[in-house]
>>> print(open('work.txt').read())   # compact mmCIF, C-alpha atoms
# COMPACT_ATOMS: atom_id res chain seq x y z
CA MET A 490 0.00 0.00 0.00
CA ASN A 491 1.41 3.30 -1.07
CA GLU A 492 1.76 5.89 1.64
CA PRO A 493 0.28 9.30 0.86
CA CYS A 494 2.79 11.81 -0.34
CA PRO A 495 3.62 14.53 2.14
CA PRO A 496 2.21 17.91 1.23
CA GLU A 497 4.49 20.01 -0.89
CA SER A 498 6.44 22.48 1.25
CA ARG A 499 6.08 26.10 0.26
CA PRO A 500 8.15 29.07 1.34
CA VAL A 501 6.55 31.19 3.99
CA PRO A 502 5.31 34.41 2.39
CA ARG A 503 7.14 37.47 3.58
CA TRP A 504 3.91 38.94 4.93
CA HIS A 505 3.52 35.87 7.13
CA LEU A 506 6.97 36.45 8.61
CA HIS A 507 5.99 40.01 9.44
CA ARG A 508 2.76 38.72 10.96
CA ARG A 509 4.58 36.13 13.08
CA LEU A 510 6.95 38.78 14.39
CA TYR A 511 4.02 41.06 15.15
CA ASP A 512 2.13 38.23 16.89
CA TRP A 513 5.21 37.25 18.89
CA VAL A 514 5.47 40.77 20.25
CA LEU A 515 1.75 40.89 20.99
CA HIS A 516 1.63 37.53 22.77
CA TRP A 517 3.34 39.07 25.80
CA ALA A 518 0.23 41.17 26.38
CA ASP A 519 -1.67 37.99 27.27
CA THR A 520 0.80 36.98 29.96
CA ARG A 521 1.57 38.30 33.42
CA TYR A 522 4.90 39.50 32.07
CA GLY A 523 3.32 42.07 29.76
CA THR A 524 4.61 45.18 31.53
CA PRO A 525 8.17 43.84 32.12
CA ALA A 526 8.28 42.74 28.47
CA LEU A 527 7.23 46.24 27.39
CA VAL A 528 9.99 47.79 29.49
CA VAL A 529 12.66 45.40 28.18
CA LEU A 530 11.51 45.88 24.59
CA ALA A 531 11.52 49.68 24.92
CA VAL A 532 15.06 49.68 26.36
CA ALA A 533 16.35 47.30 23.70
CA GLU A 534 14.70 49.10 20.78
CA SER A 535 16.33 52.40 21.71
CA SER A 536 19.83 50.97 21.66
CA PHE A 537 20.15 47.86 19.48
CA PHE A 538 16.91 45.89 18.87
CA PRO A 539 14.97 46.38 15.59
CA ILE A 540 11.38 45.79 16.84
CA PRO A 541 9.56 48.92 18.12
CA PRO A 542 7.54 48.67 21.35
CA ASP A 543 4.44 50.33 19.88
CA PRO A 544 2.49 47.12 19.04
CA LEU A 545 2.95 45.72 22.56
CA LEU A 546 2.08 49.08 24.10
CA MET A 547 -1.13 49.15 22.07
CA ALA A 548 -2.04 45.57 22.99
CA LEU A 549 -1.54 46.18 26.71
CA ALA A 550 -3.50 49.43 26.60
CA ILE A 551 -6.35 47.81 24.67
CA GLY A 552 -6.54 45.03 27.25
CA ARG A 553 -6.77 47.59 30.08
CA PRO A 554 -7.68 51.00 28.61
CA LYS A 555 -7.77 52.71 32.00
CA ARG A 556 -4.07 51.92 32.40
CA SER A 557 -3.14 53.31 28.97
CA PHE A 558 -1.26 56.26 30.41
CA TYR A 559 0.57 54.03 32.89
CA TYR A 560 1.83 51.86 30.04
CA SER A 561 2.76 54.96 28.05
CA LEU A 562 4.77 56.29 30.99
CA ALA A 563 6.57 52.98 31.52
CA CYS A 564 7.38 52.75 27.82
CA SER A 565 8.62 56.35 27.68
CA VAL A 566 10.90 56.04 30.70
CA ALA A 567 12.32 52.71 29.54
CA SER A 568 12.91 54.06 26.05
CA VAL A 569 14.85 57.06 27.37
CA VAL A 570 16.94 54.69 29.52
CA GLY A 571 17.60 52.65 26.39
CA GLY A 572 18.56 55.86 24.61
CA LEU A 573 21.15 56.53 27.31
CA LEU A 574 22.46 53.00 26.78
CA GLY A 575 22.74 53.76 23.07
CA TYR A 576 24.57 57.01 23.90
CA LEU A 577 27.00 55.06 26.09
CA ILE A 578 27.59 52.57 23.29
CA GLY A 579 28.51 55.36 20.89
CA PHE A 580 30.59 57.28 23.43
CA ALA A 581 32.59 54.48 25.05
CA LEU A 582 31.91 51.24 23.14
CA TRP A 583 31.89 52.31 19.52
CA ASN A 584 34.50 49.92 18.17
CA PRO A 585 33.38 46.66 19.84
CA VAL A 586 29.62 47.32 19.96
CA GLY A 587 28.37 50.47 18.21
CA ALA A 588 29.93 50.00 14.79
CA PRO A 589 28.83 46.33 14.48
CA ILE A 590 25.24 47.24 15.45
CA LEU A 591 24.93 50.04 12.90
CA SER A 592 26.72 47.99 10.25
CA HIS A 593 24.20 45.19 10.80
CA LEU A 594 21.41 47.76 10.39
CA HIS A 595 23.09 48.98 7.16
CA GLN A 596 23.57 52.48 8.59
CA LEU A 597 27.32 52.74 8.08
CA SER A 598 29.22 53.11 4.86
CA HIS A 599 32.52 54.56 3.71
CA HIS A 600 31.05 56.17 0.62
CA HIS A 601 32.27 59.55 -0.54
CA GLN A 602 32.62 61.58 -3.72
CA ALA A 603 35.26 64.05 -4.86
CA VAL A 604 34.05 67.66 -5.16
CA VAL A 605 35.56 71.08 -5.80
CA VAL A 606 35.11 73.92 -3.32
CA GLN A 607 33.36 76.95 -4.84
CA GLN A 608 32.83 79.19 -1.82
CA VAL A 609 33.40 79.02 1.95
CA ASP A 610 30.86 80.76 4.18
CA GLY A 611 31.54 80.12 7.87
CA HIS A 612 30.57 76.52 8.62
CA PHE A 613 29.08 76.00 5.16
CA VAL A 614 30.76 75.32 1.83
CA ARG A 615 29.40 75.51 -1.70
CA ILE A 616 30.67 72.67 -3.86
CA GLU A 617 30.57 71.45 -7.44
CA ARG A 618 31.32 68.16 -9.15
CA PRO A 619 34.79 68.12 -10.73
CA ASP A 620 33.41 66.54 -13.92
CA GLY A 621 31.16 69.55 -14.51
CA ASP A 622 27.96 67.52 -14.03
CA GLY A 623 25.12 69.93 -13.35
CA GLU A 624 23.71 67.73 -10.60
CA GLY A 625 24.58 69.24 -7.23
CA GLN A 626 26.28 72.31 -8.70
CA GLY A 627 26.41 75.06 -6.11
CA ARG A 628 25.23 72.69 -3.39
CA ARG A 629 25.64 74.08 0.12
CA VAL A 630 26.87 71.59 2.72
CA HIS A 631 28.14 71.78 6.27
CA ARG A 632 31.91 71.71 6.73
CA PHE A 633 31.66 68.50 8.78
CA ARG A 634 30.48 66.69 5.64
CA LEU A 635 33.80 67.34 3.89
CA HIS A 636 37.13 65.56 4.30
CA ARG A 637 40.22 67.43 3.20
CA ASP A 638 41.83 64.15 2.03
CA ALA A 639 40.38 60.91 0.71
CA PRO A 640 38.96 59.11 3.80
CA LYS A 641 40.68 56.16 5.40
CA ALA A 642 39.09 52.77 4.80
CA ASP A 643 38.05 52.37 8.44
CA ALA A 644 36.11 55.67 8.69
CA PRO A 645 33.99 56.78 10.47
CA PRO A 646 36.11 57.23 13.60
CA GLY A 647 36.05 55.21 16.79
CA GLN A 648 38.01 55.14 20.03
CA ARG A 649 41.30 53.85 18.64
CA VAL A 650 44.35 56.05 19.16
CA GLY A 651 44.36 58.82 16.59
CA ASP A 652 40.87 58.20 15.17
CA ARG A 653 39.23 61.30 16.64
CA GLU A 654 42.30 63.44 15.98
CA TYR A 655 42.26 62.33 12.36
CA GLU A 656 38.57 63.15 12.01
CA GLU A 657 38.96 66.58 13.62
CA THR A 658 41.84 67.38 11.27
CA GLN A 659 39.91 66.32 8.20
CA THR A 660 36.72 68.24 9.03
CA SER A 661 38.22 71.35 10.65
CA CYS A 662 41.18 72.42 8.51
CA PRO A 663 40.43 75.47 6.30
CA LEU A 664 39.32 74.90 2.71
CA ALA A 665 39.91 77.33 -0.14
CA PRO A 666 37.95 77.93 -3.38
CA GLY A 667 39.22 75.67 -6.13
CA GLN A 668 40.46 73.05 -3.67
CA THR A 669 39.41 69.42 -4.05
CA ALA A 670 37.60 67.88 -1.06
CA HIS A 671 35.70 64.67 -0.39
CA LEU A 672 31.98 64.77 0.39
CA MET A 673 31.12 62.10 2.98
CA THR A 674 27.77 60.37 2.48
CA ASP A 675 27.70 57.96 5.46
CA ASN A 676 25.15 58.57 8.22
CA TYR A 677 27.81 59.44 10.79
CA HIS A 678 28.90 62.56 8.94
CA VAL A 679 25.32 63.44 7.97
CA ALA A 680 24.20 63.15 11.59
CA ARG A 681 27.17 65.14 12.88
CA ALA A 682 26.37 67.97 10.48
CA TRP A 683 22.72 67.87 11.57
CA TYR A 684 23.81 68.08 15.21
CA GLU A 685 25.94 71.13 14.49
CA GLN A 686 23.18 72.92 12.57
CA TYR A 687 20.01 71.82 14.38
CA GLY A 688 21.29 70.62 17.75
CA VAL A 689 18.85 68.58 19.78
CA TRP A 690 16.05 68.90 17.23
CA ILE A 691 17.48 65.98 15.26
CA VAL A 692 17.28 63.80 18.38
CA PHE A 693 13.69 64.91 18.96
CA ALA A 694 12.81 64.07 15.34
CA ALA A 695 14.30 60.59 15.68
CA ALA A 696 12.57 60.05 19.04
CA PHE A 697 9.12 60.98 17.71
CA THR A 698 9.09 59.79 14.09
CA PRO A 699 9.74 56.41 12.40
CA ILE A 700 13.40 57.38 11.87
CA PRO A 701 15.34 54.67 13.78
CA TYR A 702 15.94 56.24 17.20
CA LYS A 703 18.70 53.74 18.01
CA VAL A 704 20.80 55.02 15.12
CA PHE A 705 20.80 58.53 16.54
CA THR A 706 21.28 57.50 20.15
CA ILE A 707 24.48 55.70 19.21
CA LEU A 708 25.67 58.45 16.88
CA SER A 709 24.85 61.06 19.53
CA GLY A 710 27.33 59.39 21.85
CA LEU A 711 29.90 59.08 19.10
CA ALA A 712 29.50 62.77 18.23
CA THR A 713 29.57 63.66 21.97
CA LEU A 714 26.32 65.62 21.79
CA ASN A 715 25.57 67.52 25.00
CA LEU A 716 24.16 64.83 27.31
CA LEU A 717 21.62 67.05 29.07
CA HIS A 718 20.26 68.30 25.74
CA PHE A 719 20.13 64.71 24.50
CA VAL A 720 18.11 63.59 27.53
CA ILE A 721 15.65 66.50 27.26
CA ALA A 722 15.05 65.90 23.55
CA SER A 723 14.62 62.16 24.14
CA VAL A 724 12.17 62.65 27.01
CA VAL A 725 10.02 65.07 25.01
CA GLY A 726 10.12 63.07 21.77
CA ARG A 727 9.57 59.61 23.23
CA SER A 728 6.86 60.81 25.63
CA ALA A 729 5.02 62.60 22.83
CA ARG A 730 5.08 59.47 20.69
CA PHE A 731 4.01 56.92 23.29
CA PHE A 732 1.48 59.12 25.07
CA LEU A 733 -0.10 59.79 21.67
CA VAL A 734 -0.56 56.03 21.29
CA GLY A 735 -1.92 55.75 24.83
CA THR A 736 -4.36 58.61 24.27
CA LEU A 737 -5.68 57.07 21.04
CA ILE A 738 -6.29 53.76 22.82
CA TYR A 739 -7.90 55.47 25.80
CA VAL A 740 -10.26 57.41 23.54
CA PHE A 741 -11.04 54.90 20.78
CA GLY A 742 -10.28 51.54 22.44
CA ARG A 743 -10.58 48.23 20.61
CA PRO A 744 -11.53 49.59 17.15
CA ILE A 745 -7.92 50.73 16.77
CA ARG A 746 -6.66 47.16 17.13
CA THR A 747 -9.35 45.90 14.73
CA PHE A 748 -8.16 48.45 12.21
CA ILE A 749 -4.54 47.32 12.60
CA GLU A 750 -5.45 43.64 12.27
CA ARG A 751 -7.48 44.29 9.12
CA TYR A 752 -4.95 46.52 7.38
CA PHE A 753 -1.74 45.04 8.80
CA ASN A 754 -0.03 44.47 5.44
CA ILE A 755 -0.81 47.97 4.20
CA LEU A 756 0.30 49.51 7.48
CA THR A 757 3.57 47.57 7.27
CA VAL A 758 4.24 49.06 3.84
CA VAL A 759 3.32 52.54 5.08
CA PHE A 760 5.64 52.19 8.09
CA VAL A 761 8.54 51.09 5.90
CA LEU A 762 7.88 53.97 3.49
CA LEU A 763 7.89 56.42 6.39
CA LEU A 764 11.12 54.88 7.64
CA VAL A 765 12.80 55.19 4.26
CA GLY A 766 11.25 58.61 3.76
CA GLY A 767 12.85 59.84 6.96
CA PHE A 768 16.31 59.05 5.60
CA LEU A 769 15.41 60.54 2.21
CA VAL A 770 14.51 63.78 3.97
CA ILE A 771 17.97 63.79 5.54
CA ARG A 772 19.52 63.24 2.11
CA LEU A 773 17.45 66.06 0.57
CA PHE A 774 18.64 68.51 3.22
CA TYR A 775 22.21 67.30 2.82
>>> encode(input="work.txt", output="structure tokens")
Amino acid sequence: MNEPCPPESRPVPRWHLHRRLYDWVLHWADTRYGTPALVVLAVAESSFFPIPPDPLLMALAIGRPKRSFYYSLACSVASVVGGLLGYLIGFALWNPVGAPILSHLHQLSHHHQAVVVQQVDGHFVRIERPDGDGEGQGRRVHRFRLHRDAPKADAPPGQRVGDREYEETQTSCPLAPGQTAHLMTDNYHVARAWYEQYGVWIVFAAAFTPIPYKVFTILSGLATLNLLHFVIASVVGRSARFFLVGTLIYVFGRPIRTFIERYFNILTVVFVLLLVGGFLVIRLFY
């Protein structure tokens, strides 16, 4: 007697993988460890973990709407603590921890392009492409985006002897019109220029929007952003984000979760587009 053939194995659709990840996060809401899991997830997401705490926060709040603001507070505090951990990683543990994390998240590169200095105006420089290409002609960039010499292969800098001195030399020495420089396109130099021009507002933007907050917590430490300013921006941005979620659940309740369950795939696409769009905005400004 012939045994029935086993069913043909099929690859798991990508949407199903997203759904499993989403369901795994949500399952903690049905256990007595829901609040501790939210705290751990919020700390981890702000420093190294890719999954945001928002779905779990929503699930816990939907289960007990009257405690929505309590969950929002716990998530906000834990996320700021995680942000401080990310700052520490960038400040003191860049080489062994920070660089591998951001490399794994595809946020580090050594890309650059040769440009010619047109005009120097304080901290800003107008540049042109040496091949005469009209794209980017007369572009105005912050001095910290430009290396005087072609960058070393192991840029951006870390805590090895001479790394920071090398970086300071490259981004601080005077440039003259007609001189060739090297425009850095990695996120470290972009973020450092943003810090110099906008200060803590870039941290607030990362804390509140879908821009990966962990990237900027680590780079804030690496760029030695003022710690007090960093904490204030993180507290305001993270609290605004998570208390907005808590308020929506408190006001609208379960229909919000029904909406997410029904339109999960579309919302996933929208979230990814917002995430990519955040980095595109950075590129447009720089």
>>> residues_around(input="work.txt", residues="Gly726 in chain A", least_positions_apart="5", cutoff="7 Å", atoms="only C-alpha atoms", output="list in words")
Phe693, Ala696 and Phe697 of chain A
>>> atom_distance(input="work.txt", atom1="CA of Val569 in chain A", atom2="CA of Gly742 in chain A")
26.2 Å
>>> residues_near_point(input="work.txt", point="(32.1, 69.1, -7.0)", cutoff="6 Å", atoms="all atoms listed in the file", output="NGL selection string")
:A and (604-605 or 616-619)
>>> closest_residue(input="work.txt", among="A:Ser565, A:Asn676, A:Ser709, A:Ser728", to="Leu591 in chain A", atoms="all atoms listed in the file")
A:Asn676
>>> closest_residue(input="work.txt", among="A:Pro541, A:Gly575, A:Pro744, A:Gly611", to="Arg730 in chain A", atoms="all atoms listed in the file")
A:Pro541
>>> residues_around(input="work.txt", residues="Gln686 in chain A", least_positions_apart="4", cutoff="9 Å", atoms="all atoms listed in the file", output="list in words")
His631, Arg681 and Ala682 of chain A
>>> atom_distance(input="work.txt", atom1="CA of Leu562 in chain A", atom2="CA of Ala548 in chain A")
15.0 Å
>>> atom_distance(input="work.txt", atom1="CA of Ile551 in chain A", atom2="CA of Val734 in chain A")
10.6 Å
>>> residues_around(input="work.txt", residues="Asp519 in chain A", least_positions_apart="4", cutoff="9 Å", atoms="only C-alpha atoms", output="list in words")
Leu515, Gly523, Ala548, Leu549 and Gly552 of chain A
>>> residues_around(input="work.txt", residues="Ala695 in chain A", least_positions_apart="4", cutoff="12 Å", atoms="only C-alpha atoms", output="PyMOL selection string")
chain A and resi 535+572+680+683+689-691+699-709+719+722-727+729-730+764+767-768+771
>>> closest_residue(input="work.txt", among="A:His678, A:Phe748, A:Tyr684, A:Ala694", to="Gln596 in chain A", atoms="only C-alpha atoms")
A:His678
>>> residues_near_point(input="work.txt", point="(3.3, 59.3, 30.4)", cutoff="9 Å", atoms="all atoms listed in the file", output="list in words")
Ser557, Phe558, Tyr559, Tyr560, Ser561, Leu562, Ala563, Cys564, Ser565, Val566, Ser728, Ala729, Phe731, Phe732 and Gly735 of chain A
>>> residues_around(input="work.txt", residues="Thr658 in chain A", least_positions_apart="3", cutoff="10 Å", atoms="only C-alpha atoms", output="PyMOL selection string")
chain A and resi 636-638+653-655+661-663
>>> closest_residue(input="work.txt", among="A:Leu577, A:Leu527, A:Leu672, A:Ile590", to="Arg628 in chain A", atoms="only C-alpha atoms")
A:Leu672
>>> closest_residue(input="work.txt", among="A:Arg556, A:His593, A:Arg615, A:His671", to="Ala639 in chain A", atoms="only C-alpha atoms")
A:His671
>>> closest_residue(input="work.txt", among="A:Val614, A:Val528, A:Val720, A:Val692", to="Thr660 in chain A", atoms="all atoms listed in the file")
A:Val614
